[in-house]
Amino acid sequence: MLQKRLVELSNTAYQRDIVTFTDFLNLNELNILHSTPKHMFPAAYETYGGYEAAERQMVAFLPDALYYEYRYPVEILKISPVNLKFAENLSHRDYLGGILHLGIERCCLGDLLVSEECCRVFVTDSMADYICRNLTRIRHTTVKVSVENMENFHYTPNLELHKGTVSTVRLDSVLSVAFPLSRSKLTGLIEGGKVFVNGKLITTNACRLKENDIISVRGMGRIKYLGILSETKKGRLYIEIGKYI
């Protein structure tokens, strides 16, 4: 049970005055973390996924008397075709499948950032060398893998901007600007446990968003609520959102 494991790691950090880490947690697992009453964790915690707005994140439990510098046990790998000219058009699913085919568990992998030329993937440091030595092919494309310097890594997500008018900045209203679905279907996604705001599961339409909140919809993607641009004469709100692409 994840909650029990999180409490154990927090107790270890508190009792031994050391930093303890989880593997990468997905949105549902992060929701368990955020929903657990704070008094159950004797040690404070932070989360990190390698870059701002990472979806999959590790948790670090920090003792009160932290007397040493620490780093998350995370490496970033760059996977790129040996010959880009003859490479297939590889997708997120292709890269992920290639890594998992090596016998790597998903909890050892963070987000995958796919571009036209390569894929960067965050991994637990214990798996980095194994992947570098053994991942040589994605589908029919021969690839090479190298470790990149985390300190020099900078990533700014590409956002596709959308604007629209809403009566209120409730969750369902804002989602309607990003996704061309009926209000009933959006309500179904929310009540069905598929929508997360800043990593926390939200199951009610009444949730009011704040500027720069990040909303994840399982199976559909992520958006960032950028705020209100203006108000119409009829009192509706003209808002802007960014859709991660």
# chains A, B, ... in the order shown; residues from 1 in each chain; ligands from 1
>>> residues_around(residues="stretch 63-77 of chain A", least_positions_apart="6", cutoff="7 Å", atoms="only C-alpha atoms", output="PyMOL selection string")
chain A and resi 13-14+17-19+43-44+120-125+128+145-148+150
>>> residues_around(residues="stretch 132-140 of chain A", least_positions_apart="6", cutoff="7 Å", atoms="only C-alpha atoms", output="JSON, numbers by chain")
{"A": [94, 95, 98, 99, 146]}
>>> residues_around(residues="stretch 103-110 of chain A", least_positions_apart="6", cutoff="9 Å", atoms="only C-alpha atoms", output="ChimeraX atom specification")
/A:23-26,49-50,54-58,74,96,121-127,131
>>> write_last_selection(atoms="C-alpha atoms", output="mmCIF file, in the first residue's frame")
data_model
loop_
_atom_site.group_PDB
_atom_site.id
_atom_site.type_symbol
_atom_site.label_atom_id
_atom_site.label_comp_id
_atom_site.auth_asym_id
_atom_site.auth_seq_id
_atom_site.Cartn_x
_atom_site.Cartn_y
_atom_site.Cartn_z
ATOM 1 C CA ASP A 23 10.569 6.215 -7.073
ATOM 2 C CA PHE A 24 8.711 8.286 -9.667
ATOM 3 C CA LEU A 25 5.029 8.584 -8.773
ATOM 4 C CA ASN A 26 2.214 9.004 -11.272
ATOM 5 C CA GLY A 49 10.403 15.553 -11.633
ATOM 6 C CA GLY A 50 13.423 17.099 -13.328
ATOM 7 C CA ALA A 54 6.807 17.601 -14.585
ATOM 8 C CA GLU A 55 3.899 15.190 -14.329
ATOM 9 C CA ARG A 56 5.718 12.192 -12.873
ATOM 10 C CA GLN A 57 7.676 13.160 -9.777
ATOM 11 C CA MET A 58 9.801 11.758 -6.981
ATOM 12 C CA VAL A 74 17.678 11.262 -11.032
ATOM 13 C CA LEU A 96 8.560 4.335 -23.735
ATOM 14 C CA VAL A 121 13.812 10.823 -20.360
ATOM 15 C CA PHE A 122 14.249 11.199 -16.610
ATOM 16 C CA VAL A 123 15.287 7.970 -14.909
ATOM 17 C CA THR A 124 16.368 6.807 -11.474
ATOM 18 C CA ASP A 125 20.158 6.958 -11.349
ATOM 19 C CA SER A 126 20.426 3.228 -10.656
ATOM 20 C CA MET A 127 18.929 2.493 -14.089
ATOM 21 C CA ILE A 131 19.657 1.775 -20.261
#
>>> select_by_dssp(residues="stretch 11-161 of chain A", states="alpha helix (DSSP H)", output="JSON, numbers by chain")
{"A": [11, 12, 13, 14, 15, 16, 27, 28, 29, 30, 31, 32, 33, 34, 35, 92, 93, 94, 95, 96, 97, 98, 99, 100, 125, 126, 127, 128, 129, 130, 131, 132, 133, 134]}
>>> closest_residue(among="A:Thr168, A:Ser216, A:Ser115, A:Ser10", to="A:Ile190", atoms="only C-alpha atoms")
A:Ser216
>>> select_by_dssp(residues="stretch 19-153 of chain A", states="strand (DSSP E or B)", output="VMD selection string")
chain A and resid 20 to 21 25 44 to 48 57 to 62 74 to 81 109 to 114 119 to 124 137 to 138 141 to 148
>>> closest_residue(among="A:Asn158, A:Thr36, A:Asn205, A:Ser91", to="A:Gly188", atoms="only C-alpha atoms")
A:Asn205
>>> residues_around(residues="stretch 206-208 of chain A", least_positions_apart="2", cutoff="7 Å", atoms="only C-alpha atoms", output="list in words")
Val169, Arg170, Leu171, Thr204 and Lys210 of chain A
>>> write_last_selection(atoms="N, CA, C and O atoms", output="PDB file, in the first residue's frame")
ATOM      1  N   VAL A 169     -14.487  30.908 -13.674  1.00  0.00           N
ATOM      2  CA  VAL A 169     -13.254  30.134 -13.855  1.00  0.00           C
ATOM      3  C   VAL A 169     -13.337  28.808 -13.106  1.00  0.00           C
ATOM      4  O   VAL A 169     -12.362  28.334 -12.541  1.00  0.00           O
ATOM      5  N   ARG A 170     -14.519  28.212 -13.131  1.00  0.00           N
ATOM      6  CA  ARG A 170     -14.655  26.854 -12.597  1.00  0.00           C
ATOM      7  C   ARG A 170     -13.932  25.878 -13.508  1.00  0.00           C
ATOM      8  O   ARG A 170     -13.727  26.134 -14.699  1.00  0.00           O
ATOM      9  N   LEU A 171     -13.597  24.741 -12.961  1.00  0.00           N
ATOM     10  CA  LEU A 171     -12.811  23.747 -13.686  1.00  0.00           C
ATOM     11  C   LEU A 171     -13.462  23.329 -15.001  1.00  0.00           C
ATOM     12  O   LEU A 171     -12.808  23.306 -16.046  1.00  0.00           O
ATOM     13  N   THR A 204     -14.961  17.451  -8.514  1.00  0.00           N
ATOM     14  CA  THR A 204     -16.123  18.336  -8.507  1.00  0.00           C
ATOM     15  C   THR A 204     -15.933  19.492  -9.468  1.00  0.00           C
ATOM     16  O   THR A 204     -14.834  20.054  -9.572  1.00  0.00           O
ATOM     17  N   LYS A 210      -6.901  28.974 -10.128  1.00  0.00           N
ATOM     18  CA  LYS A 210      -6.063  30.153  -9.928  1.00  0.00           C
ATOM     19  C   LYS A 210      -5.086  30.265 -11.089  1.00  0.00           C
ATOM     20  O   LYS A 210      -4.762  29.258 -11.751  1.00  0.00           O
TER      21      LYS A 210
END
>>> residues_around(residues="A:Ser80", least_positions_apart="2", cutoff="6 Å", atoms="only C-alpha atoms", output="number ranges by chain")
A: 118, 143-144
>>> atom_distance(atom1="atom CA of A:Ala60", atom2="atom CA of A:Leu6")
10.0 Å
>>> residues_around(residues="A:Ser230", least_positions_apart="6", cutoff="10 Å", atoms="only C-alpha atoms", output="list in words")
Thr165, Arg236, Leu237, Tyr238, Ile239 and Glu240 of chain A
>>> write_last_selection(atoms="all heavy atoms", output="PDB file, in the first residue's frame")
ATOM      1  N   THR A 165     -14.358  32.671 -23.910  1.00  0.00           N
ATOM      2  CA  THR A 165     -15.123  33.327 -22.854  1.00  0.00           C
ATOM      3  C   THR A 165     -15.840  32.283 -22.002  1.00  0.00           C
ATOM      4  O   THR A 165     -16.350  31.281 -22.520  1.00  0.00           O
ATOM      5  CB  THR A 165     -16.154  34.310 -23.428  1.00  0.00           C
ATOM      6  OG1 THR A 165     -17.054  33.601 -24.288  1.00  0.00           O
ATOM      7  CG2 THR A 165     -15.471  35.423 -24.197  1.00  0.00           C
ATOM      8  N   ARG A 236     -19.075  38.289 -18.879  1.00  0.00           N
ATOM      9  CA  ARG A 236     -18.338  37.043 -19.090  1.00  0.00           C
ATOM     10  C   ARG A 236     -16.832  37.317 -19.068  1.00  0.00           C
ATOM     11  O   ARG A 236     -16.390  38.443 -19.327  1.00  0.00           O
ATOM     12  CB  ARG A 236     -18.750  36.396 -20.417  1.00  0.00           C
ATOM     13  CG  ARG A 236     -20.171  35.841 -20.374  1.00  0.00           C
ATOM     14  CD  ARG A 236     -20.560  35.206 -21.691  1.00  0.00           C
ATOM     15  NE  ARG A 236     -19.733  34.051 -22.040  1.00  0.00           N
ATOM     16  CZ  ARG A 236     -19.927  32.825 -21.571  1.00  0.00           C
ATOM     17  NH1 ARG A 236     -20.915  32.587 -20.718  1.00  0.00           N
ATOM     18  NH2 ARG A 236     -19.161  31.825 -21.957  1.00  0.00           N
ATOM     19  N   LEU A 237     -16.080  36.281 -18.768  1.00  0.00           N
ATOM     20  CA  LEU A 237     -14.636  36.418 -18.609  1.00  0.00           C
ATOM     21  C   LEU A 237     -13.924  35.892 -19.848  1.00  0.00           C
ATOM     22  O   LEU A 237     -14.196  34.775 -20.311  1.00  0.00           O
ATOM     23  CB  LEU A 237     -14.170  35.653 -17.374  1.00  0.00           C
ATOM     24  CG  LEU A 237     -14.867  36.028 -16.057  1.00  0.00           C
ATOM     25  CD1 LEU A 237     -14.405  35.114 -14.939  1.00  0.00           C
ATOM     26  CD2 LEU A 237     -14.601  37.492 -15.707  1.00  0.00           C
ATOM     27  N   TYR A 238     -13.045  36.697 -20.392  1.00  0.00           N
ATOM     28  CA  TYR A 238     -12.240  36.303 -21.557  1.00  0.00           C
ATOM     29  C   TYR A 238     -10.914  35.767 -21.003  1.00  0.00           C
ATOM     30  O   TYR A 238     -10.122  36.525 -20.434  1.00  0.00           O
ATOM     31  CB  TYR A 238     -12.013  37.508 -22.451  1.00  0.00           C
ATOM     32  CG  TYR A 238     -11.369  37.198 -23.776  1.00  0.00           C
ATOM     33  CD1 TYR A 238     -11.828  36.169 -24.599  1.00  0.00           C
ATOM     34  CD2 TYR A 238     -10.298  37.970 -24.232  1.00  0.00           C
ATOM     35  CE1 TYR A 238     -11.244  35.905 -25.817  1.00  0.00           C
ATOM     36  CE2 TYR A 238      -9.704  37.716 -25.474  1.00  0.00           C
ATOM     37  CZ  TYR A 238     -10.185  36.682 -26.252  1.00  0.00           C
ATOM     38  OH  TYR A 238      -9.601  36.416 -27.476  1.00  0.00           O
ATOM     39  N   ILE A 239     -10.694  34.452 -21.132  1.00  0.00           N
ATOM     40  CA  ILE A 239      -9.549  33.818 -20.496  1.00  0.00           C
ATOM     41  C   ILE A 239      -8.595  33.245 -21.541  1.00  0.00           C
ATOM     42  O   ILE A 239      -8.937  33.103 -22.713  1.00  0.00           O
ATOM     43  CB  ILE A 239      -9.971  32.690 -19.529  1.00  0.00           C
ATOM     44  CG1 ILE A 239     -10.590  31.518 -20.308  1.00  0.00           C
ATOM     45  CG2 ILE A 239     -10.925  33.228 -18.453  1.00  0.00           C
ATOM     46  CD1 ILE A 239     -10.771  30.270 -19.488  1.00  0.00           C
ATOM     47  N   GLU A 240      -7.390  32.914 -21.074  1.00  0.00           N
ATOM     48  CA  GLU A 240      -6.391  32.291 -21.927  1.00  0.00           C
ATOM     49  C   GLU A 240      -5.846  31.054 -21.228  1.00  0.00           C
ATOM     50  O   GLU A 240      -5.582  31.074 -20.024  1.00  0.00           O
ATOM     51  CB  GLU A 240      -5.258  33.269 -22.223  1.00  0.00           C
ATOM     52  CG  GLU A 240      -4.196  32.712 -23.169  1.00  0.00           C
ATOM     53  CD  GLU A 240      -3.150  33.743 -23.538  1.00  0.00           C
ATOM     54  OE1 GLU A 240      -2.701  34.486 -22.614  1.00  0.00           O
ATOM     55  OE2 GLU A 240      -2.784  33.836 -24.729  1.00  0.00           O
TER      56      GLU A 240
END
